[in-house]
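Presented below is the structure to which this report refers.
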Amino acid sequence: MNELFPPARVAMLGSPNCGKSALFNLLTGSTQKIANYAGVTVERKVGALKDSRGMIEIIDLPGLYSLNPHSPDEAITVQVLKGELPGEREPERLLVVLDASHLERQLRLLAALVNVPKPILVALNMMDRAPAQVNAKKLSEVTSLEVIETIGVRADGADALKQRLRASCDAPLSPRQPLAADAESIYLNWMAALELSPQLAVTRSERIDRWVLHPVFGPLILALVLFLTFQAVFSWAQPFMHVISAGLGLVSDVITQGLPPGPVQSLLVNGILAGAGTVLLFLPQILLLFAFIIVLEDSGYLPRAAFLLDRLMSGVGLSGRAFIPLLSSFACAIPGILATRTIPDQRDRTITILIAPLMTCSARLPVYALLIGAFIPQKELMFGINLQGLVLFVLYTLGIVGAFAMAFVFSRFRRVKASQGLAMELPSYHWPVLRHVLLGLWQRTLIFINRVGGTILLLMVLVWFLSSFPLPPDGATRAPIEYSFAGQIGQWLLPIFKPIGFGWQIVVALIPGIAAREVVVGVLGTVYALGGSASDLSVSLAPMIAQSWSLPTALALLAWYVYAPQCLSTLVVVRRETNSLKMAWFLAAYQFVLAYAAALVTYRLAMAWWGAA
Amino acid sequence: METQHSMRSQSSPAVVSLASLGIDQDAVVCATAHRRLSELGFTPGTHVRVIAKAWFRGPIAVRVGSDTFALRCHEAQDLMVAPITP
């Protein structure tokens with residue numbers, strides 16, 4: 001990039017749900033850079049539109065409803081717009097994105113923006129859904145601005161915009177004269193000229209909402225959607241998991257036959273395959289969960305779910321806006337915590353951050369799946385409900401109940417108990433775009449594979465080393481691993497975890513589990529592979545633990561993992577987002593206490609019910 | 001807050017709060033108490049329609065212009081509307 005002649009800089013603006021992100025993706029493709037604005041936790045997205053004539057830098061500003069900011073995101077947009085954000089170059093031109101199917105409110109934002117003395121190009125987006133009387137020509141005549149029609153969900157939907165953007169950036173900058181009128185009267189003039197009817201037409205979305213938001217059918221539909229998600233994660237993923245499992249077994253056999261027994265074979269088979277490989281096994285389940293979340297998000301259902309749950313949320317002192325961050329936390333707490341940035345009230349936001357990690361993240365899924373697979377019989381109850389799926393549903397529910405209980409406790413510490421507003425948009429329903437869902441899943445797969453290949457692999461090699469050395473003394477009677485460092489650490493910490501029924505093998509697995517939860521499964525794989533006889537060297541961990549643990553122990557470990565202290569990356573993000581190390585420590589401490597208590601109660605109850613095993 | 005005050009002093013019997021509107025009852029906004037709501041399109045003269053109400057004074061789903069918003073009950077109480085008789 002030439003410092004003397006910086007590229008033209010265009011800021012993209014629009015209200016939330018106007019399809020701005022899809023359009024930004026079309027314009028900038030793979031050139032996007034996502035980071036934070038200096039000093040604040042608002043996402044900064046910059047990309048470039050490249051063609052034969054050079055490049056145009058495009059900055060995608062957070063969505064806003066007006067120029068009077070109500071959240072940190074909106075404040076950043078206004079500051080960048082005015083060139084008042086230190087360290088951020090002021091954009092020369094504005095690209096305002098309007099949703100053609102929701103023009104009335106969006107024109108209000110445009111009316112406020114015409115008084116900003118910068119050239120404006122309007123992208124009239126979602127033209128595939130626009131009412132008959134809305135088109136670029138008419139809007140251009142009424143507003144005296146350049147208007148281009150776009151369709152953000154089509155691959156070629158922004159081609160005309162790209163050409164127009166290039167042409168206007170090549171033209172010399174001529175500051176527009178601000179109109180001598182206030183935004184409201186400009187808006188009213190436009191509305192009159194466009195002849196949009198004030199009557200409320202019954203839209204398709206409204207007809208769907210009659211059912212989805214219905215006091216009786218709405219909650220039923222929500223319960224059904226959530227239940228279907230968890231059933232699908234369990235049953236639909238099975239065939240894919242069998243394929244991966246068979247593949248891992250094959251690789252394991254090849255290595256065992258091809259390499260002489262020794263440390264190298266042990267590292268590859270027991271350390272890497274039994275460890276990292278076992279984690280890989282759960283990729284299909286994680287992807288299915290993400291597929292459901294992406295589809296629910298893209299279709300516009302999520303804000304409806306927030307609507308249905310808002311009464312419950314406000315009852316425990318949470319903002320209704322907390323629902324979407326909490327739902328994202330089912331995938332991973334980190335995007336969930338980042339999503340709390342849309343909560344305007346600082347205390348509401350802190351409480352949401354503190355309880356987000358109690359939502360069962362996808363990294364806990366392998367642990368649940370392993371234990372449920374080993375201990376809960378694959379039994380059909382009634383109406384095609386599977387017992388394993390039901391247990392999974394219960395575990396997720398326990399996480400949610402725990403989170404709401406903690407939110408209730410935390411909100412008691414608030415000095416002001418003022419009720420917060422909601423004012424949340426319920427966007428139109430859309431059919432999810434397959435291309436977008438697949439792109440999201442592909443990104444998830446890459447992140448997961450990188451994790452398995454990076455952090456998890458490294459930890460597994462470390463665990464293998466600690467579990468293999470020092471070698472047992474001559475004439476040792478017990479399994480070699482019991483003499484290793486890992487065995488010693490496990491024995492040393494055992495007194496703390498014995499009351500909740502954990503053996504030393506579990507204790508060994510819990511430690512690296514703090515870095516990444518799914519590692520627990522891998523460590524158990526390695527620990528049991530090294531502890532067993534040579535013929536047991538395989539990736540089939542479930543039957544092995546089913547033999548060596550009692551049911552109360554397995555249930556206690558499940559209960560522990562519902563509330564277990566959050567992984568390190570989450571704690572780091574909490575520290576960054578709350579700007580407080582104390583908050584991160586507090587989170588880890590309260591989760592440890594909660595997990596320990598839950599495991600203790602579960603273990604004691606199970607012991608009393610099924611007797612000592 | 002001032003608008004809210006002046007509103008109440010001159011309100012005719014036909015003016016009610018949005019929260020008390022029945023489902024499917026169309027109305028016209030008379031006055032808004034909060035700037036945020038007017039920025040979202042709840043300005044005097046705009047048509048609104050309640051399409052759903054949650055249990056126990058939970059949120060209310062309201063059509064306004066081409067949009068739909070979920071408002072908490074107390075937000076809807078501050079918004080005065082005049083029902084339209086069909």
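In the structure tokens, each chain is lettered A, B, ... as it comes, each chain's residues begin at 1, and ligands are numbered from 1 in order of appearance.
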
Between chain B and chain A, at 8 Å or less, what are the per-residue closest atom pairs and their distances in Å? Count only C-alpha atoms, order by chain and rising residue number, and return it as a Markdown table.
| residue | atom | partner | partner_atom | distance |
| --- | --- | --- | --- | --- |
| B:Leu37 | CA | A:Ala423 | CA | 7.5 |
| B:Glu39 | CA | A:Ser66 | CA | 6.3 |
| B:Leu40 | CA | A:Arg105 | CA | 6.6 |
| B:Gly41 | CA | A:Arg105 | CA | 5.6 |
| B:Thr46 | CA | A:Pro198 | CA | 6.8 |
| B:His47 | CA | A:Pro198 | CA | 6.2 |
| B:Val48 | CA | A:Leu200 | CA | 7.4 |
| B:Arg49 | CA | A:Leu200 | CA | 7.8 |
| B:Ile51 | CA | A:Arg210 | CA | 6.8 |
| B:Ala52 | CA | A:Leu213 | CA | 6.0 |
| B:Lys53 | CA | A:Pro215 | CA | 7.2 |
| B:Ala54 | CA | A:Pro215 | CA | 5.8 |
| B:Trp55 | CA | A:Pro215 | CA | 6.5 |
| B:Phe56 | CA | A:Arg311 | CA | 7.4 |
| B:Arg57 | CA | A:Arg311 | CA | 7.6 |
| B:Gly58 | CA | A:Arg311 | CA | 4.7 |
| B:Pro59 | CA | A:Phe307 | CA | 6.6 |
| B:Arg63 | CA | A:Leu200 | CA | 7.7 |
| B:Val64 | CA | A:Leu200 | CA | 7.6 |
| B:Gly65 | CA | A:Glu104 | CA | 6.3 |
| B:Ser66 | CA | A:His102 | CA | 5.1 |
| B:Asp67 | CA | A:His102 | CA | 6.4 |
| B:Thr68 | CA | A:Leu426 | CA | 5.3 |
| B:Phe69 | CA | A:Glu425 | CA | 4.4 |
| B:Ala70 | CA | A:Met424 | CA | 5.1 |
| B:Leu71 | CA | A:Ala423 | CA | 4.7 |
| B:Arg72 | CA | A:Leu422 | CA | 5.6 |
| B:His74 | CA | A:Gly421 | CA | 7.8 |
| B:Glu75 | CA | A:Gly421 | CA | 6.3 |

*Name the residues of range 408-570 of chain A that come out as alpha helix (DSSP H) in a backbone DSSP run; write them as a PyMOL selection string.*
chain A and resi 408-411+434-451+457-468+485-497+504-513+519-531+541-548+551-563+568-570

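The nearest approach to Val50 in chain B among the residues B:Val81, B:Ile23, B:Val16, B:Val29, with only C-alpha atoms taken into account, belongs to B:Ile23.
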
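Take the candidates A:Ala564, A:Leu222, A:Ile293, A:Leu26 and check each one against Leu358 in chain A using only C-alpha atoms; the shortest distance goes to A:Ala564.
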
Ala48 in chain A surroundings by only C-alpha atoms, 10 Å radius, close-in-sequence under 2 positions cut, as a compact mmCIF listing (two decimals) with all heavy atoms, in the first residue's frame:
# COMPACT_ATOMS: atom_id res chain seq x y z
N PRO A 7 -5.36 4.34 -0.56
CA PRO A 7 -6.50 3.98 -1.40
C PRO A 7 -7.76 4.70 -0.94
O PRO A 7 -7.85 5.14 0.19
CB PRO A 7 -6.63 2.47 -1.19
CG PRO A 7 -5.98 2.22 0.12
CD PRO A 7 -4.90 3.24 0.27
N ALA A 8 -8.70 4.82 -1.87
CA ALA A 8 -9.98 5.42 -1.51
C ALA A 8 -10.59 4.62 -0.38
O ALA A 8 -10.46 3.41 -0.33
CB ALA A 8 -10.90 5.41 -2.72
N ARG A 9 -11.25 5.31 0.54
CA ARG A 9 -11.78 4.63 1.70
C ARG A 9 -13.29 4.86 1.77
O ARG A 9 -13.75 6.00 1.84
CB ARG A 9 -11.11 5.19 2.94
CG ARG A 9 -11.34 4.40 4.19
CD ARG A 9 -10.44 5.00 5.24
NE ARG A 9 -10.71 4.50 6.56
CZ ARG A 9 -10.22 3.37 7.05
NH1 ARG A 9 -9.44 2.64 6.31
NH2 ARG A 9 -10.50 2.99 8.27
N VAL A 10 -14.03 3.77 1.75
CA VAL A 10 -15.48 3.85 1.77
C VAL A 10 -16.00 3.20 3.04
O VAL A 10 -15.56 2.12 3.41
CB VAL A 10 -16.07 3.12 0.53
CG1 VAL A 10 -17.58 3.12 0.58
CG2 VAL A 10 -15.56 3.76 -0.74
N PHE A 24 -21.12 -6.99 2.13
CA PHE A 24 -19.69 -6.76 2.41
C PHE A 24 -18.88 -7.98 1.96
O PHE A 24 -17.82 -7.84 1.34
CB PHE A 24 -19.50 -6.49 3.90
CG PHE A 24 -18.08 -6.26 4.32
CD1 PHE A 24 -17.40 -5.13 3.91
CD2 PHE A 24 -17.42 -7.16 5.15
CE1 PHE A 24 -16.10 -4.89 4.30
CE2 PHE A 24 -16.12 -6.94 5.54
CZ PHE A 24 -15.45 -5.81 5.12
N LEU A 27 -18.54 -7.93 -1.78
CA LEU A 27 -17.63 -6.88 -2.28
C LEU A 27 -16.18 -7.21 -2.01
O LEU A 27 -15.31 -6.99 -2.86
CB LEU A 27 -17.96 -5.54 -1.61
CG LEU A 27 -19.25 -4.85 -2.05
CD1 LEU A 27 -19.47 -3.58 -1.23
CD2 LEU A 27 -19.21 -4.51 -3.53
N THR A 28 -15.89 -7.74 -0.83
CA THR A 28 -14.49 -7.86 -0.42
C THR A 28 -13.96 -9.28 -0.47
O THR A 28 -12.75 -9.48 -0.40
CB THR A 28 -14.31 -7.32 1.01
OG1 THR A 28 -15.12 -8.11 1.89
CG2 THR A 28 -14.72 -5.87 1.10
N GLY A 29 -14.85 -10.27 -0.56
CA GLY A 29 -14.40 -11.66 -0.65
C GLY A 29 -13.47 -12.04 0.48
O GLY A 29 -13.78 -11.82 1.65
N SER A 30 -12.31 -12.57 0.10
CA SER A 30 -11.42 -13.13 1.12
C SER A 30 -10.43 -12.10 1.68
O SER A 30 -9.53 -12.45 2.42
CB SER A 30 -10.65 -14.29 0.51
OG SER A 30 -9.97 -13.82 -0.63
N THR A 31 -10.60 -10.82 1.31
CA THR A 31 -9.61 -9.83 1.76
C THR A 31 -9.93 -9.26 3.14
O THR A 31 -9.24 -8.38 3.62
CB THR A 31 -9.52 -8.65 0.78
OG1 THR A 31 -10.79 -7.97 0.80
CG2 THR A 31 -9.23 -9.11 -0.62
N GLN A 32 -11.00 -9.77 3.78
CA GLN A 32 -11.44 -9.19 5.05
C GLN A 32 -10.43 -9.37 6.17
O GLN A 32 -9.83 -10.42 6.31
CB GLN A 32 -12.74 -9.85 5.50
CG GLN A 32 -13.86 -9.59 4.57
CD GLN A 32 -15.10 -10.33 5.04
OE1 GLN A 32 -15.25 -10.65 6.20
NE2 GLN A 32 -15.98 -10.59 4.11
N LYS A 33 -10.32 -8.32 6.98
CA LYS A 33 -9.53 -8.43 8.21
C LYS A 33 -10.45 -8.05 9.36
O LYS A 33 -11.02 -6.96 9.38
CB LYS A 33 -8.33 -7.48 8.16
CG LYS A 33 -7.25 -7.97 7.25
CD LYS A 33 -5.96 -7.17 7.46
CE LYS A 33 -4.87 -7.66 6.54
NZ LYS A 33 -5.20 -7.40 5.13
N VAL A 46 -12.57 -4.69 8.03
CA VAL A 46 -12.07 -3.96 6.87
C VAL A 46 -11.77 -4.95 5.75
O VAL A 46 -11.30 -6.05 6.01
CB VAL A 46 -10.79 -3.17 7.22
CG1 VAL A 46 -10.34 -2.35 6.03
CG2 VAL A 46 -11.05 -2.25 8.38
N LYS A 50 -10.90 -5.20 -5.02
CA LYS A 50 -9.75 -5.10 -5.93
C LYS A 50 -10.20 -5.32 -7.36
O LYS A 50 -10.96 -6.24 -7.64
CB LYS A 50 -8.71 -6.15 -5.56
CG LYS A 50 -7.90 -5.76 -4.34
CD LYS A 50 -6.84 -6.81 -4.04
CE LYS A 50 -6.13 -6.48 -2.72
NZ LYS A 50 -5.61 -7.67 -2.08
N ASP A 51 -9.74 -4.49 -8.26
CA ASP A 51 -9.97 -4.72 -9.69
C ASP A 51 -8.75 -4.21 -10.45
O ASP A 51 -7.74 -3.84 -9.85
CB ASP A 51 -11.28 -4.06 -10.14
CG ASP A 51 -11.28 -2.56 -9.91
OD1 ASP A 51 -10.19 -1.99 -9.71
OD2 ASP A 51 -12.37 -1.96 -9.91
N GLY A 54 -6.94 -0.90 -9.34
CA GLY A 54 -6.39 -0.69 -8.01
C GLY A 54 -7.34 -1.19 -6.96
O GLY A 54 -8.18 -2.05 -7.24
N MET A 55 -7.21 -0.66 -5.74
CA MET A 55 -8.10 -1.16 -4.70
C MET A 55 -8.84 -0.05 -3.97
O MET A 55 -8.39 1.09 -3.90
CB MET A 55 -7.35 -2.03 -3.71
CG MET A 55 -6.38 -1.31 -2.80
SD MET A 55 -5.66 -2.53 -1.70
CE MET A 55 -6.22 -1.94 -0.13
N ILE A 56 -10.01 -0.41 -3.48
CA ILE A 56 -10.81 0.50 -2.67
C ILE A 56 -10.96 -0.14 -1.31
O ILE A 56 -11.36 -1.30 -1.21
CB ILE A 56 -12.21 0.71 -3.30
CG1 ILE A 56 -12.08 1.31 -4.70
CG2 ILE A 56 -13.08 1.59 -2.41
CD1 ILE A 56 -13.38 1.30 -5.48
N GLU A 57 -10.58 0.60 -0.28
CA GLU A 57 -10.68 0.05 1.06
C GLU A 57 -12.10 0.24 1.57
O GLU A 57 -12.64 1.34 1.51
CB GLU A 57 -9.69 0.77 1.98
CG GLU A 57 -9.35 -0.01 3.21
CD GLU A 57 -8.23 0.68 4.00
OE1 GLU A 57 -8.50 1.74 4.60
OE2 GLU A 57 -7.12 0.16 4.00
N ILE A 58 -12.71 -0.85 2.06
CA ILE A 58 -14.08 -0.77 2.54
C ILE A 58 -14.11 -1.14 4.02
O ILE A 58 -13.59 -2.17 4.41
CB ILE A 58 -15.01 -1.70 1.74
CG1 ILE A 58 -15.00 -1.28 0.27
CG2 ILE A 58 -16.44 -1.63 2.29
CD1 ILE A 58 -15.84 -2.14 -0.61
N ILE A 59 -14.68 -0.25 4.82
CA ILE A 59 -14.80 -0.54 6.24
C ILE A 59 -16.28 -0.75 6.56
O ILE A 59 -17.13 0.05 6.20
CB ILE A 59 -14.14 0.57 7.11
CG1 ILE A 59 -14.32 0.29 8.59
CG2 ILE A 59 -14.64 1.97 6.77
CD1 ILE A 59 -13.32 1.03 9.44

*Long-range neighbours of Ile186 in chain A as a ChimeraX atom specification, 12 Å cut-off, only C-alpha atoms, 6 positions minimum in chain*: /A:107-115,142-144,178-180,192-193

Could you save the residues just selected, with N, CA, C and O atoms, as a PDB file, in the first residue's frame?
ATOM      1  N   LEU A 107     -35.203   4.628   5.759  1.00  0.00           N
ATOM      2  CA  LEU A 107     -35.099   5.970   5.174  1.00  0.00           C
ATOM      3  C   LEU A 107     -34.829   7.007   6.256  1.00  0.00           C
ATOM      4  O   LEU A 107     -34.211   8.034   6.010  1.00  0.00           O
ATOM      5  N   ARG A 108     -35.295   6.729   7.473  1.00  0.00           N
ATOM      6  CA  ARG A 108     -35.070   7.651   8.585  1.00  0.00           C
ATOM      7  C   ARG A 108     -33.572   7.792   8.858  1.00  0.00           C
ATOM      8  O   ARG A 108     -33.064   8.894   9.094  1.00  0.00           O
ATOM      9  N   LEU A 109     -32.868   6.654   8.805  1.00  0.00           N
ATOM     10  CA  LEU A 109     -31.415   6.683   8.999  1.00  0.00           C
ATOM     11  C   LEU A 109     -30.747   7.444   7.851  1.00  0.00           C
ATOM     12  O   LEU A 109     -29.876   8.287   8.062  1.00  0.00           O
ATOM     13  N   LEU A 110     -31.202   7.164   6.624  1.00  0.00           N
ATOM     14  CA  LEU A 110     -30.637   7.843   5.456  1.00  0.00           C
ATOM     15  C   LEU A 110     -30.870   9.353   5.560  1.00  0.00           C
ATOM     16  O   LEU A 110     -29.984  10.153   5.239  1.00  0.00           O
ATOM     17  N   ALA A 111     -32.052   9.742   6.053  1.00  0.00           N
ATOM     18  CA  ALA A 111     -32.362  11.168   6.203  1.00  0.00           C
ATOM     19  C   ALA A 111     -31.411  11.833   7.188  1.00  0.00           C
ATOM     20  O   ALA A 111     -31.028  12.992   7.020  1.00  0.00           O
ATOM     21  N   ALA A 112     -31.007  11.083   8.223  1.00  0.00           N
ATOM     22  CA  ALA A 112     -30.055  11.642   9.187  1.00  0.00           C
ATOM     23  C   ALA A 112     -28.671  11.742   8.570  1.00  0.00           C
ATOM     24  O   ALA A 112     -27.900  12.652   8.868  1.00  0.00           O
ATOM     25  N   LEU A 113     -28.364  10.796   7.657  1.00  0.00           N
ATOM     26  CA  LEU A 113     -27.020  10.752   7.078  1.00  0.00           C
ATOM     27  C   LEU A 113     -26.795  11.797   5.988  1.00  0.00           C
ATOM     28  O   LEU A 113     -25.655  12.155   5.714  1.00  0.00           O
ATOM     29  N   VAL A 114     -27.858  12.277   5.338  1.00  0.00           N
ATOM     30  CA  VAL A 114     -27.634  13.225   4.243  1.00  0.00           C
ATOM     31  C   VAL A 114     -27.066  14.543   4.750  1.00  0.00           C
ATOM     32  O   VAL A 114     -26.530  15.317   3.972  1.00  0.00           O
ATOM     33  N   ASN A 115     -27.144  14.778   6.048  1.00  0.00           N
ATOM     34  CA  ASN A 115     -26.537  15.993   6.581  1.00  0.00           C
ATOM     35  C   ASN A 115     -25.062  15.832   6.915  1.00  0.00           C
ATOM     36  O   ASN A 115     -24.422  16.766   7.355  1.00  0.00           O
ATOM     37  N   VAL A 142     -36.310  10.822  -5.709  1.00  0.00           N
ATOM     38  CA  VAL A 142     -36.838  11.404  -4.471  1.00  0.00           C
ATOM     39  C   VAL A 142     -35.729  11.938  -3.575  1.00  0.00           C
ATOM     40  O   VAL A 142     -35.825  13.017  -3.007  1.00  0.00           O
ATOM     41  N   THR A 143     -34.619  11.173  -3.466  1.00  0.00           N
ATOM     42  CA  THR A 143     -33.578  11.552  -2.507  1.00  0.00           C
ATOM     43  C   THR A 143     -32.438  12.340  -3.138  1.00  0.00           C
ATOM     44  O   THR A 143     -31.578  12.840  -2.424  1.00  0.00           O
ATOM     45  N   SER A 144     -32.408  12.446  -4.470  1.00  0.00           N
ATOM     46  CA  SER A 144     -31.293  13.052  -5.208  1.00  0.00           C
ATOM     47  C   SER A 144     -29.961  12.403  -4.867  1.00  0.00           C
ATOM     48  O   SER A 144     -28.919  13.063  -4.832  1.00  0.00           O
ATOM     49  N   PRO A 178     -24.881  20.199   2.551  1.00  0.00           N
ATOM     50  CA  PRO A 178     -25.909  19.671   3.441  1.00  0.00           C
ATOM     51  C   PRO A 178     -27.243  20.362   3.154  1.00  0.00           C
ATOM     52  O   PRO A 178     -27.279  21.545   2.830  1.00  0.00           O
ATOM     53  N   LEU A 179     -28.317  19.607   3.236  1.00  0.00           N
ATOM     54  CA  LEU A 179     -29.637  20.178   2.987  1.00  0.00           C
ATOM     55  C   LEU A 179     -30.024  21.071   4.162  1.00  0.00           C
ATOM     56  O   LEU A 179     -29.698  20.768   5.303  1.00  0.00           O
ATOM     57  N   ALA A 180     -30.679  22.152   3.848  1.00  0.00           N
ATOM     58  CA  ALA A 180     -31.042  23.087   4.916  1.00  0.00           C
ATOM     59  C   ALA A 180     -32.365  22.660   5.555  1.00  0.00           C
ATOM     60  O   ALA A 180     -33.364  23.356   5.463  1.00  0.00           O
ATOM     61  N   ALA A 192     -43.610  11.113   1.701  1.00  0.00           N
ATOM     62  CA  ALA A 192     -44.748  11.598   0.923  1.00  0.00           C
ATOM     63  C   ALA A 192     -44.491  11.365  -0.567  1.00  0.00           C
ATOM     64  O   ALA A 192     -45.365  10.900  -1.301  1.00  0.00           O
ATOM     65  N   ALA A 193     -43.254  11.650  -1.018  1.00  0.00           N
ATOM     66  CA  ALA A 193     -42.931  11.516  -2.436  1.00  0.00           C
ATOM     67  C   ALA A 193     -42.944  10.057  -2.889  1.00  0.00           C
ATOM     68  O   ALA A 193     -43.265   9.754  -4.030  1.00  0.00           O
TER      69      ALA A 193
END

*Using DSSP on the backbone coordinates, identify all residues within chain B classified as strand (DSSP E); present the result as a list of chain:residue names.*
B:Val16, B:Ser17, B:Asp26, B:Ala27, B:Val28, B:Val29, B:Cys30, B:Ala31, B:His47, B:Val48, B:Arg49, B:Val50, B:Ile51, B:Ala52, B:Lys53, B:Ile60, B:Ala61, B:Val62, B:Arg63, B:Val64, B:Asp67, B:Thr68, B:Phe69, B:Ala70, B:Leu71, B:Met80, B:Val81, B:Ala82, B:Pro83

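Each of B:Ala33, B:Val62, B:Phe42, B:Asp26 was checked against Thr85 in chain B using only C-alpha atoms; the smallest atom-to-atom distance is that of B:Asp26.
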
*Calculate how many Å separate CA of Leu49 in chain A from CA of Ile294 in chain A, rounding to one decimal.*
26.7 Å

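Note that the spacing between CA of Val519 in chain A and CA of Val452 in chain A amounts to 9.0 Å.
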
*asked:* Give me, as a count of residues only, all polymer residues having an atom no more than 7 Å from Ala19 in chain B, counting only C-alpha atoms and skipping those fewer than 4 positions away in the same chain.
replied: 3

*Skip range 369-386 of chain A itself and residues of its chain fewer than 3 positions away, then list as a VMD selection string all residues within 12 Å of it, counting only C-alpha atoms.*
chain A and resid 227 to 228 230 to 235 237 to 238 241 278 to 279 281 to 286 362 to 366 389 to 395 518 520 to 522 524 to 525 539 to 559 561

*Which residues come within 12 Å of Ala14 in chain B, counting only C-alpha atoms, excluding same-chain residues fewer than 5 positions away, as a PyMOL selection string?*
chain B and resi 21+27-30+80-85
